[in-house]
>>> print(open('model.pdb').read())   # PDB, C-alpha atoms and all ligand atoms
ATOM      1  CA  MET A 277      23.946  28.588 -16.333  1.00  0.00           C
ATOM      2  CA  SER A 278      22.979  31.283 -18.819  1.00  0.00           C
ATOM      3  CA  GLY A 279      21.545  30.133 -22.163  1.00  0.00           C
ATOM      4  CA  VAL A 280      21.052  26.510 -21.005  1.00  0.00           C
ATOM      5  CA  PRO A 281      17.456  25.617 -20.107  1.00  0.00           C
ATOM      6  CA  GLU A 282      17.312  24.240 -16.604  1.00  0.00           C
ATOM      7  CA  MET A 283      16.218  20.631 -16.415  1.00  0.00           C
ATOM      8  CA  SER A 284      14.249  19.970 -13.276  1.00  0.00           C
ATOM      9  CA  PRO A 285      15.544  16.776 -11.657  1.00  0.00           C
ATOM     10  CA  GLU A 286      13.027  13.952 -11.397  1.00  0.00           C
ATOM     11  CA  LYS A 287      11.206  13.954  -8.097  1.00  0.00           C
ATOM     12  CA  GLY A 288      11.674  10.878  -5.924  1.00  0.00           C
ATOM     13  CA  PRO A 289       9.009   8.342  -4.865  1.00  0.00           C
ATOM     14  CA  GLU A 290       8.226  10.377  -1.748  1.00  0.00           C
ATOM     15  CA  HIS A 291       6.583  12.881  -4.107  1.00  0.00           C
ATOM     16  CA  PRO A 292       3.205  12.407  -5.871  1.00  0.00           C
ATOM     17  CA  ASP A 293       4.683  13.601  -9.197  1.00  0.00           C
ATOM     18  CA  PHE A 294       6.864  10.485  -9.374  1.00  0.00           C
ATOM     19  CA  TRP A 295       3.740   8.299  -9.357  1.00  0.00           C
ATOM     20  CA  CYS A 296       1.580  10.635 -11.450  1.00  0.00           C
ATOM     21  CA  LYS A 297       4.163  10.407 -14.227  1.00  0.00           C
ATOM     22  CA  ARG A 298       4.072   6.606 -14.188  1.00  0.00           C
ATOM     23  CA  PHE A 299       0.285   6.315 -14.009  1.00  0.00           C
ATOM     24  CA  GLY A 300       0.017   8.970 -16.732  1.00  0.00           C
ATOM     25  CA  LYS A 301       2.272   6.955 -19.064  1.00  0.00           C
ATOM     26  CA  GLY A 302       0.639   3.650 -18.134  1.00  0.00           C
ATOM     27  CA  VAL A 303       3.976   2.337 -16.812  1.00  0.00           C
ATOM     28  CA  THR A 304       2.748   0.473 -13.724  1.00  0.00           C
ATOM     29  CA  PRO A 305       4.630  -2.845 -13.450  1.00  0.00           C
ATOM     30  CA  TRP A 306       3.471  -3.291  -9.827  1.00  0.00           C
ATOM     31  CA  ASP A 307      -0.186  -3.317 -10.857  1.00  0.00           C
ATOM     32  CA  ALA A 308      -1.591  -6.852 -10.578  1.00  0.00           C
ATOM     33  CA  GLY A 309      -4.881  -6.022 -12.286  1.00  0.00           C
ATOM     34  CA  ARG A 310      -6.483  -8.687 -10.100  1.00  0.00           C
ATOM     35  CA  VAL A 311      -6.964  -9.618  -6.455  1.00  0.00           C
ATOM     36  CA  PRO A 312      -4.233 -11.797  -4.879  1.00  0.00           C
ATOM     37  CA  ALA A 313      -5.271 -15.258  -3.661  1.00  0.00           C
ATOM     38  CA  ALA A 314      -4.020 -14.712  -0.088  1.00  0.00           C
ATOM     39  CA  LEU A 315      -6.277 -11.676   0.284  1.00  0.00           C
ATOM     40  CA  VAL A 316      -9.289 -13.634  -0.998  1.00  0.00           C
ATOM     41  CA  ASP A 317      -8.482 -16.360   1.522  1.00  0.00           C
ATOM     42  CA  PHE A 318      -8.049 -13.830   4.357  1.00  0.00           C
ATOM     43  CA  ILE A 319     -11.422 -12.202   3.567  1.00  0.00           C
ATOM     44  CA  ALA A 320     -13.145 -15.583   3.585  1.00  0.00           C
ATOM     45  CA  ARG A 321     -11.785 -16.258   7.093  1.00  0.00           C
ATOM     46  CA  GLN A 322     -13.184 -13.074   8.658  1.00  0.00           C
ATOM     47  CA  PRO A 323     -16.483 -13.522  10.491  1.00  0.00           C
ATOM     48  CA  THR A 324     -17.585  -9.956   9.693  1.00  0.00           C
ATOM     49  CA  PRO A 325     -16.442  -7.201   7.300  1.00  0.00           C
ATOM     50  CA  LEU A 326     -13.653  -5.016   8.698  1.00  0.00           C
ATOM     51  CA  HIS A 327     -13.339  -1.254   8.417  1.00  0.00           C
ATOM     52  CA  THR A 328     -10.345  -1.146   6.128  1.00  0.00           C
ATOM     53  CA  LEU A 329      -7.756   1.411   5.076  1.00  0.00           C
ATOM     54  CA  ILE A 330      -5.721   0.816   1.917  1.00  0.00           C
ATOM     55  CA  PRO A 331      -2.805   3.275   1.844  1.00  0.00           C
ATOM     56  CA  GLY A 332      -1.184   3.930  -1.536  1.00  0.00           C
ATOM     57  CA  CYS A 333      -4.115   2.188  -3.216  1.00  0.00           C
ATOM     58  CA  GLY A 334      -2.986   2.894  -6.793  1.00  0.00           C
ATOM     59  CA  SER A 335      -5.550   1.455  -9.233  1.00  0.00           C
ATOM     60  CA  ALA A 336      -7.570   0.123  -6.276  1.00  0.00           C
ATOM     61  CA  TRP A 337      -8.318  -3.406  -7.551  1.00  0.00           C
ATOM     62  CA  ASP A 338      -8.305  -4.723  -3.988  1.00  0.00           C
ATOM     63  CA  ALA A 339     -10.484  -1.872  -2.735  1.00  0.00           C
ATOM     64  CA  ALA A 340     -12.988  -2.614  -5.520  1.00  0.00           C
ATOM     65  CA  HIS A 341     -13.145  -6.261  -4.483  1.00  0.00           C
ATOM     66  CA  LEU A 342     -13.685  -5.430  -0.809  1.00  0.00           C
ATOM     67  CA  GLY A 343     -16.253  -2.763  -1.668  1.00  0.00           C
ATOM     68  CA  GLU A 344     -18.168  -5.227  -3.859  1.00  0.00           C
ATOM     69  CA  LEU A 345     -18.311  -7.594  -0.893  1.00  0.00           C
ATOM     70  CA  GLY A 346     -19.784  -4.840   1.270  1.00  0.00           C
ATOM     71  CA  TRP A 347     -16.651  -4.117   3.303  1.00  0.00           C
ATOM     72  CA  PRO A 348     -16.331  -0.476   4.421  1.00  0.00           C
ATOM     73  CA  VAL A 349     -13.145   0.668   2.700  1.00  0.00           C
ATOM     74  CA  THR A 350     -11.107   3.847   2.507  1.00  0.00           C
ATOM     75  CA  ALA A 351      -8.674   3.758  -0.421  1.00  0.00           C
ATOM     76  CA  LEU A 352      -6.065   6.487  -0.146  1.00  0.00           C
ATOM     77  CA  ASP A 353      -3.436   7.731  -2.548  1.00  0.00           C
ATOM     78  CA  PHE A 354      -1.559  11.027  -2.787  1.00  0.00           C
ATOM     79  CA  SER A 355      -1.243  10.922  -6.583  1.00  0.00           C
ATOM     80  CA  PRO A 356      -4.202  12.598  -8.312  1.00  0.00           C
ATOM     81  CA  VAL A 357      -3.522  10.559 -11.464  1.00  0.00           C
ATOM     82  CA  ALA A 358      -3.589   7.313  -9.454  1.00  0.00           C
ATOM     83  CA  VAL A 359      -6.845   8.421  -7.856  1.00  0.00           C
ATOM     84  CA  ALA A 360      -8.351   9.182 -11.283  1.00  0.00           C
ATOM     85  CA  THR A 361      -7.293   5.696 -12.446  1.00  0.00           C
ATOM     86  CA  ALA A 362      -8.834   4.159  -9.322  1.00  0.00           C
ATOM     87  CA  SER A 363     -12.020   6.125  -9.854  1.00  0.00           C
ATOM     88  CA  ASP A 364     -12.365   4.642 -13.380  1.00  0.00           C
ATOM     89  CA  ILE A 365     -11.896   1.131 -12.007  1.00  0.00           C
ATOM     90  CA  LEU A 366     -14.203   1.580  -9.040  1.00  0.00           C
ATOM     91  CA  GLN A 367     -17.069   3.055 -11.075  1.00  0.00           C
ATOM     92  CA  ASN A 368     -20.043   2.723  -8.732  1.00  0.00           C
ATOM     93  CA  VAL A 369     -18.488   0.364  -6.201  1.00  0.00           C
ATOM     94  CA  PRO A 370     -18.978   1.960  -2.771  1.00  0.00           C
ATOM     95  CA  VAL A 371     -15.424   2.829  -1.711  1.00  0.00           C
ATOM     96  CA  ASN A 372     -14.319   5.992   0.061  1.00  0.00           C
ATOM     97  CA  LEU A 373     -11.602   7.107  -2.377  1.00  0.00           C
ATOM     98  CA  VAL A 374      -9.382   9.827  -0.909  1.00  0.00           C
ATOM     99  CA  CYS A 375      -6.538  11.809  -2.465  1.00  0.00           C
ATOM    100  CA  ASP A 376      -4.229  12.577   0.459  1.00  0.00           C
ATOM    101  CA  ASP A 377      -0.894  11.787   2.062  1.00  0.00           C
ATOM    102  CA  PHE A 378      -0.805   8.707   4.274  1.00  0.00           C
ATOM    103  CA  PHE A 379       1.508  10.406   6.744  1.00  0.00           C
ATOM    104  CA  THR A 380      -0.634  13.481   7.325  1.00  0.00           C
ATOM    105  CA  PHE A 381      -4.285  12.726   6.439  1.00  0.00           C
ATOM    106  CA  THR A 382      -6.978  12.960   9.083  1.00  0.00           C
ATOM    107  CA  PRO A 383      -8.784   9.612   9.393  1.00  0.00           C
ATOM    108  CA  SER A 384     -12.549   9.885   9.395  1.00  0.00           C
ATOM    109  CA  ARG A 385     -12.894   6.797  11.588  1.00  0.00           C
ATOM    110  CA  THR A 386     -10.996   4.063  13.441  1.00  0.00           C
ATOM    111  CA  TYR A 387      -9.859   1.260  11.162  1.00  0.00           C
ATOM    112  CA  GLN A 388      -9.864  -2.428  12.057  1.00  0.00           C
ATOM    113  CA  LEU A 389      -7.586  -3.398   9.167  1.00  0.00           C
ATOM    114  CA  ILE A 390      -4.828  -1.748   7.188  1.00  0.00           C
ATOM    115  CA  TYR A 391      -4.194  -3.633   3.970  1.00  0.00           C
ATOM    116  CA  GLU A 392      -0.660  -3.453   2.641  1.00  0.00           C
ATOM    117  CA  ARG A 393       0.301  -4.107  -0.956  1.00  0.00           C
ATOM    118  CA  ALA A 394       3.222  -2.466  -2.715  1.00  0.00           C
ATOM    119  CA  PHE A 395       3.037   0.586  -0.485  1.00  0.00           C
ATOM    120  CA  LEU A 396       5.835   0.069   2.031  1.00  0.00           C
ATOM    121  CA  CYS A 397       8.139  -1.074  -0.788  1.00  0.00           C
ATOM    122  CA  ALA A 398       7.302   2.131  -2.677  1.00  0.00           C
ATOM    123  CA  LEU A 399       8.624   4.317   0.135  1.00  0.00           C
ATOM    124  CA  PRO A 400      12.256   5.427   0.323  1.00  0.00           C
ATOM    125  CA  HIS A 401      14.184   4.129   3.342  1.00  0.00           C
ATOM    126  CA  LYS A 402      14.039   7.467   5.130  1.00  0.00           C
ATOM    127  CA  LEU A 403      10.233   7.126   5.494  1.00  0.00           C
ATOM    128  CA  ARG A 404      10.209   3.623   6.942  1.00  0.00           C
ATOM    129  CA  ASP A 405      10.283   4.570  10.617  1.00  0.00           C
ATOM    130  CA  ASP A 406       7.450   7.018   9.996  1.00  0.00           C
ATOM    131  CA  TRP A 407       5.468   4.265   8.237  1.00  0.00           C
ATOM    132  CA  GLY A 408       5.892   1.943  11.240  1.00  0.00           C
ATOM    133  CA  LYS A 409       4.770   4.656  13.643  1.00  0.00           C
ATOM    134  CA  ARG A 410       1.837   5.664  11.446  1.00  0.00           C
ATOM    135  CA  VAL A 411       0.357   2.171  11.016  1.00  0.00           C
ATOM    136  CA  ALA A 412       0.607   1.728  14.802  1.00  0.00           C
ATOM    137  CA  GLU A 413      -1.058   5.102  15.364  1.00  0.00           C
ATOM    138  CA  LEU A 414      -3.938   4.330  12.980  1.00  0.00           C
ATOM    139  CA  LEU A 415      -4.881   0.961  14.483  1.00  0.00           C
ATOM    140  CA  PRO A 416      -6.408   0.311  17.910  1.00  0.00           C
ATOM    141  CA  SER A 417      -5.299  -2.615  20.061  1.00  0.00           C
ATOM    142  CA  GLY A 418      -6.392  -5.811  18.271  1.00  0.00           C
ATOM    143  CA  GLY A 419      -6.438  -4.101  14.865  1.00  0.00           C
ATOM    144  CA  LEU A 420      -4.767  -5.919  11.961  1.00  0.00           C
ATOM    145  CA  LEU A 421      -2.086  -4.963   9.473  1.00  0.00           C
ATOM    146  CA  ALA A 422      -2.316  -7.555   6.705  1.00  0.00           C
ATOM    147  CA  GLY A 423      -0.903  -7.893   3.245  1.00  0.00           C
ATOM    148  CA  PHE A 424       2.167  -8.418   1.136  1.00  0.00           C
ATOM    149  CA  PHE A 425       5.719  -7.505   2.066  1.00  0.00           C
ATOM    150  CA  PHE A 426       8.629  -7.403  -0.401  1.00  0.00           C
ATOM    151  CA  VAL A 427      11.146  -9.262   1.742  1.00  0.00           C
ATOM    152  CA  CYS A 428      14.575  -9.250   0.109  1.00  0.00           C
ATOM    153  CA  ASP A 429      17.797  -7.240  -0.031  1.00  0.00           C
ATOM    154  CA  GLN A 430      16.921  -5.147  -3.108  1.00  0.00           C
ATOM    155  CA  ALA A 431      18.267  -1.755  -2.014  1.00  0.00           C
ATOM    156  CA  LYS A 432      17.585   0.070  -5.278  1.00  0.00           C
ATOM    157  CA  GLY A 433      13.936   0.737  -5.993  1.00  0.00           C
ATOM    158  CA  PRO A 434      11.121   1.186  -5.989  1.00  0.00           C
ATOM    159  CA  PRO A 435      10.324  -1.497  -5.172  1.00  0.00           C
ATOM    160  CA  PHE A 436      12.671  -1.305  -2.180  1.00  0.00           C
ATOM    161  CA  GLY A 437      13.145  -4.646  -0.462  1.00  0.00           C
ATOM    162  CA  ILE A 438      13.073  -4.993   3.291  1.00  0.00           C
ATOM    163  CA  LEU A 439      14.979  -7.629   5.272  1.00  0.00           C
ATOM    164  CA  PRO A 440      13.035  -9.733   7.797  1.00  0.00           C
ATOM    165  CA  GLU A 441      14.960  -8.223  10.702  1.00  0.00           C
ATOM    166  CA  GLU A 442      14.320  -4.683   9.427  1.00  0.00           C
ATOM    167  CA  LEU A 443      10.582  -5.367   9.252  1.00  0.00           C
ATOM    168  CA  ASP A 444      10.690  -6.790  12.777  1.00  0.00           C
ATOM    169  CA  ILE A 445      12.409  -3.644  14.069  1.00  0.00           C
ATOM    170  CA  LEU A 446       9.670  -1.510  12.496  1.00  0.00           C
ATOM    171  CA  LEU A 447       6.700  -3.520  13.698  1.00  0.00           C
ATOM    172  CA  GLN A 448       7.574  -5.690  16.696  1.00  0.00           C
ATOM    173  CA  PRO A 449       7.352  -2.824  19.227  1.00  0.00           C
ATOM    174  CA  SER A 450       3.642  -2.358  18.501  1.00  0.00           C
ATOM    175  CA  PHE A 451       2.546  -5.532  16.694  1.00  0.00           C
ATOM    176  CA  GLN A 452       2.687  -9.293  16.981  1.00  0.00           C
ATOM    177  CA  ARG A 453       3.069 -11.259  13.720  1.00  0.00           C
ATOM    178  CA  ILE A 454       0.360 -13.919  13.518  1.00  0.00           C
ATOM    179  CA  GLU A 455       0.702 -15.110   9.894  1.00  0.00           C
ATOM    180  CA  ASP A 456       3.682 -15.422   7.548  1.00  0.00           C
ATOM    181  CA  THR A 457       3.570 -17.435   4.314  1.00  0.00           C
ATOM    182  CA  ALA A 458       5.080 -17.164   0.841  1.00  0.00           C
ATOM    183  CA  ALA A 459       2.810 -15.473  -1.684  1.00  0.00           C
ATOM    184  CA  GLU A 460       1.896 -17.949  -4.406  1.00  0.00           C
ATOM    185  CA  ASP A 461       0.578 -15.805  -7.224  1.00  0.00           C
ATOM    186  CA  SER A 462       2.985 -12.847  -7.270  1.00  0.00           C
ATOM    187  CA  ILE A 463       3.396 -10.827 -10.432  1.00  0.00           C
ATOM    188  CA  PRO A 464       6.912 -10.874 -11.985  1.00  0.00           C
ATOM    189  CA  VAL A 465       8.381  -7.828 -10.179  1.00  0.00           C
ATOM    190  CA  PHE A 466       7.741  -9.439  -6.792  1.00  0.00           C
ATOM    191  CA  ALA A 467       7.923 -13.151  -7.653  1.00  0.00           C
ATOM    192  CA  GLY A 468       9.691 -15.346  -5.102  1.00  0.00           C
ATOM    193  CA  ARG A 469      10.280 -12.401  -2.748  1.00  0.00           C
ATOM    194  CA  GLU A 470       6.796 -11.569  -1.550  1.00  0.00           C
ATOM    195  CA  ARG A 471       5.340 -12.754   1.758  1.00  0.00           C
ATOM    196  CA  TRP A 472       1.781 -12.631   3.029  1.00  0.00           C
ATOM    197  CA  GLN A 473       1.868 -11.489   6.650  1.00  0.00           C
ATOM    198  CA  VAL A 474      -0.693 -10.490   9.259  1.00  0.00           C
ATOM    199  CA  TRP A 475       0.325  -8.421  12.278  1.00  0.00           C
ATOM    200  CA  ARG A 476      -1.958  -7.781  15.249  1.00  0.00           C
ATOM    201  CA  ARG A 477      -1.710  -4.461  17.097  1.00  0.00           C
ATOM    202  CA  ARG A 478      -0.709  -5.063  20.716  1.00  0.00           C
TER     203      ARG A 478
HETATM  204  C1  LIG B 501       3.837   0.865  -6.218  1.00  0.00           C
HETATM  205  S1  LIG B 501       2.287   1.721  -6.151  1.00  0.00           S
HETATM  206  C2  LIG B 501       1.206   0.464  -5.486  1.00  0.00           C
HETATM  207  C3  LIG B 501      -0.250   0.722  -5.760  1.00  0.00           C
HETATM  208  C4  LIG B 501      -1.209  -0.341  -5.207  1.00  0.00           C
HETATM  209  N1  LIG B 501      -1.066  -0.528  -3.782  1.00  0.00           N
HETATM  210  C5  LIG B 501      -1.047  -1.653  -5.904  1.00  0.00           C
HETATM  211  O1  LIG B 501      -0.803  -2.670  -5.245  1.00  0.00           O
HETATM  212  O2  LIG B 501      -1.184  -1.684  -7.142  1.00  0.00           O
HETATM  213  C6  LIG B 501       2.526   2.819  -4.757  1.00  0.00           C
HETATM  214  C7  LIG B 501       1.397   3.796  -4.577  1.00  0.00           C
HETATM  215  O3  LIG B 501       1.574   4.475  -3.344  1.00  0.00           O
HETATM  216  C8  LIG B 501       1.237   5.827  -3.526  1.00  0.00           C
HETATM  217  N2  LIG B 501       1.918   6.600  -2.470  1.00  0.00           N
HETATM  218  C9  LIG B 501       3.247   6.713  -2.255  1.00  0.00           C
HETATM  219  N3  LIG B 501       3.496   7.467  -1.179  1.00  0.00           N
HETATM  220  C10 LIG B 501       2.283   7.841  -0.682  1.00  0.00           C
HETATM  221  C11 LIG B 501       1.875   8.608   0.436  1.00  0.00           C
HETATM  222  N4  LIG B 501       2.767   9.176   1.246  1.00  0.00           N
HETATM  223  N5  LIG B 501       0.553   8.772   0.665  1.00  0.00           N
HETATM  224  C12 LIG B 501      -0.367   8.190  -0.156  1.00  0.00           C
HETATM  225  N6  LIG B 501      -0.037   7.466  -1.245  1.00  0.00           N
HETATM  226  C13 LIG B 501       1.278   7.281  -1.502  1.00  0.00           C
HETATM  227  C14 LIG B 501       1.684   6.149  -4.943  1.00  0.00           C
HETATM  228  O4  LIG B 501       1.031   7.275  -5.470  1.00  0.00           O
HETATM  229  C15 LIG B 501       1.339   4.860  -5.668  1.00  0.00           C
HETATM  230  O5  LIG B 501       0.036   4.883  -6.212  1.00  0.00           O
END
>>> encode(input="model.pdb", output="structure tokens", more="lines below")
Ligand SMILES: C[S@@+](CC[C@H](N)C(=O)[O-])C[C@H]1O[C@@H](n2cnc3c(N)ncnc32)[C@H](O)[C@@H]1O
Amino acid sequence: MSGVPEMSPEKGPEHPDFWCKRFGKGVTPWDAGRVPAALVDFIARQPTPLHTLIPGCGSAWDAAHLGELGWPVTALDFSPVAVATASDILQNVPVNLVCDDFFTFTPSRTYQLIYERAFLCALPHKLRDDWGKRVAELLPSGGLLAGFFFVCDQAKGPPFGILPEELDILLQPSFQRIEDTAAEDSIPVFAGRERWQVWRRR
């Protein structure tokens, strides 16, 4: 309309700008600022370090922890502002920090573990099938998908909840669930609705 400055509509969570804006303003209510207990426990149970991918790593607290323990880790995020934040947190911890899109990046190696935290729940519904296919594509038989799932009927997000049967539809064709427990130290946005799960690639 002539004379009225055009307001560009806010981009959705499928776009890096959505996340850049939030990291830039320091509005990151999903950010735990610490490593969840179930991950610490999972690490302690592994006989050897696993080649790990962390998609949508955000501030990369978990990547920093794994890197400090000597685990080979790729932390990936498509938001340059998130990656800059992660870089500040990682300092000299040896982590392969990559700014790229989970759905299209070229992996530099085969991963043994994909660690999930607040990534699937950050994706709009229309990307869920692609997420399921991509995690299956990135892991060899026996590989693990482990982490936290926001299991509830919260349709408006992010975070977008997923129902147990919806998660099964996404993962059961290619994975077998081998662990499923309630998360005990969730931060407020996820409290009471977060489950620790491990899925093994068939
Ligand atoms: C809710 S935050 C969670 C960050 C981190 N996992 C955590 O637990 O604090 C979601 C992150 O996923 C990233 N992200 C969303 N879609 C992505 C995609 N397609 N490829 C890579 N990163 C993506 C966002 O930039 C954002 O940093």
>>> residues_near_ligand(input="model.pdb", ligand="ligand LIG 501 (chain B)", cutoff="9 Å", atoms="all atoms listed in the file", output="PyMOL selection string")
chain A and resi 289-296+299+304-309+330-338+352-359+375-381+391-399+403+407+434-435
>>> closest_residue(input="model.pdb", among="A:Arg385, A:Arg477, A:Arg310, A:Lys301", to="Ser462 of chain A", atoms="all atoms listed in the file")
A:Arg310
>>> atom_distance(input="model.pdb", atom1="atom CA of Thr382 of chain A", atom2="atom CA of Lys287 of chain A")
25.0 Å
>>> atom_distance(input="model.pdb", atom1="atom CA of Leu315 of chain A", atom2="atom CA of Glu460 of chain A")
11.3 Å
>>> residues_around(input="model.pdb", residues="Ile365 of chain A", least_positions_apart="2", cutoff="9 Å", atoms="only C-alpha atoms", output="list in words")
Ser335, Ala336, Trp337, Ala340, Ala360, Thr361, Ala362, Ser363, Gln367, Asn368 and Val369 of chain A
>>> closest_residue(input="model.pdb", among="A:Pro383, A:Pro312, A:Gly468, A:Gly437", to="His401 of chain A", atoms="only C-alpha atoms")
A:Gly437
>>> resolve_selection(input="model.pdb", expression="the PyMOL selection byres (((chain A and resi 448) around 12) and not hetatm)", output="JSON, numbers by chain")
{"A": [408, 409, 412, 440, 441, 442, 443, 444, 445, 446, 447, 449, 450, 451, 452, 453, 454, 475, 476, 477, 478]}
>>> atom_distance(input="model.pdb", atom1="atom CA of Gly343 of chain A", atom2="atom CA of Leu366 of chain A")
8.8 Å
>>> axis_aligned_box(input="model.pdb", around="segment 304-314 of chain A", padding_each_side="8 Å", output="lines of an AutoDock Vina configuration file")
center_x = -1.2
center_y = -7.4
center_z = -6.9
size_x = 27.6
size_y = 31.7
size_z = 29.6
>>> decode(input="model.pdb", residues="segment 322-336 of chain A", atoms="N, CA and C atoms", output="PDB file, in the first residue's frame")
ATOM      1  N   GLN A 322      28.555 -45.771  28.844  1.00  0.00           N
ATOM      2  CA  GLN A 322      29.133 -46.168  27.546  1.00  0.00           C
ATOM      3  C   GLN A 322      30.569 -46.655  27.741  1.00  0.00           C
ATOM      4  N   PRO A 323      30.888 -47.818  27.208  1.00  0.00           N
ATOM      5  CA  PRO A 323      32.244 -48.346  27.392  1.00  0.00           C
ATOM      6  C   PRO A 323      33.309 -47.508  26.701  1.00  0.00           C
ATOM      7  N   THR A 324      32.950 -46.888  25.561  1.00  0.00           N
ATOM      8  CA  THR A 324      33.919 -46.040  24.854  1.00  0.00           C
ATOM      9  C   THR A 324      33.193 -44.791  24.351  1.00  0.00           C
ATOM     10  N   PRO A 325      33.944 -43.697  24.106  1.00  0.00           N
ATOM     11  CA  PRO A 325      33.318 -42.495  23.552  1.00  0.00           C
ATOM     12  C   PRO A 325      32.678 -42.789  22.195  1.00  0.00           C
ATOM     13  N   LEU A 326      31.573 -42.112  21.921  1.00  0.00           N
ATOM     14  CA  LEU A 326      30.847 -42.322  20.659  1.00  0.00           C
ATOM     15  C   LEU A 326      30.977 -41.087  19.772  1.00  0.00           C
ATOM     16  N   HIS A 327      31.145 -41.321  18.483  1.00  0.00           N
ATOM     17  CA  HIS A 327      31.133 -40.208  17.532  1.00  0.00           C
ATOM     18  C   HIS A 327      29.716 -39.631  17.511  1.00  0.00           C
ATOM     19  N   THR A 328      29.609 -38.390  17.924  1.00  0.00           N
ATOM     20  CA  THR A 328      28.290 -37.835  18.240  1.00  0.00           C
ATOM     21  C   THR A 328      27.962 -36.614  17.395  1.00  0.00           C
ATOM     22  N   LEU A 329      26.706 -36.575  16.948  1.00  0.00           N
ATOM     23  CA  LEU A 329      26.176 -35.383  16.274  1.00  0.00           C
ATOM     24  C   LEU A 329      25.128 -34.752  17.183  1.00  0.00           C
ATOM     25  N   ILE A 330      25.235 -33.426  17.366  1.00  0.00           N
ATOM     26  CA  ILE A 330      24.207 -32.709  18.129  1.00  0.00           C
ATOM     27  C   ILE A 330      23.553 -31.693  17.182  1.00  0.00           C
ATOM     28  N   PRO A 331      22.390 -32.052  16.627  1.00  0.00           N
ATOM     29  CA  PRO A 331      21.714 -31.116  15.721  1.00  0.00           C
ATOM     30  C   PRO A 331      20.980 -30.031  16.495  1.00  0.00           C
ATOM     31  N   GLY A 332      21.010 -28.801  15.964  1.00  0.00           N
ATOM     32  CA  GLY A 332      20.356 -27.688  16.661  1.00  0.00           C
ATOM     33  C   GLY A 332      20.975 -27.510  18.028  1.00  0.00           C
ATOM     34  N   CYS A 333      22.301 -27.383  18.058  1.00  0.00           N
ATOM     35  CA  CYS A 333      23.047 -27.415  19.331  1.00  0.00           C
ATOM     36  C   CYS A 333      22.831 -26.187  20.189  1.00  0.00           C
ATOM     37  N   GLY A 334      22.356 -25.067  19.595  1.00  0.00           N
ATOM     38  CA  GLY A 334      22.192 -23.847  20.381  1.00  0.00           C
ATOM     39  C   GLY A 334      23.480 -23.459  21.072  1.00  0.00           C
ATOM     40  N   SER A 335      23.418 -23.186  22.379  1.00  0.00           N
ATOM     41  CA  SER A 335      24.600 -22.729  23.128  1.00  0.00           C
ATOM     42  C   SER A 335      25.661 -23.807  23.312  1.00  0.00           C
ATOM     43  N   ALA A 336      25.300 -25.049  23.056  1.00  0.00           N
ATOM     44  CA  ALA A 336      26.263 -26.167  23.026  1.00  0.00           C
ATOM     45  C   ALA A 336      26.834 -26.564  24.395  1.00  0.00           C
TER      46      ALA A 336
END
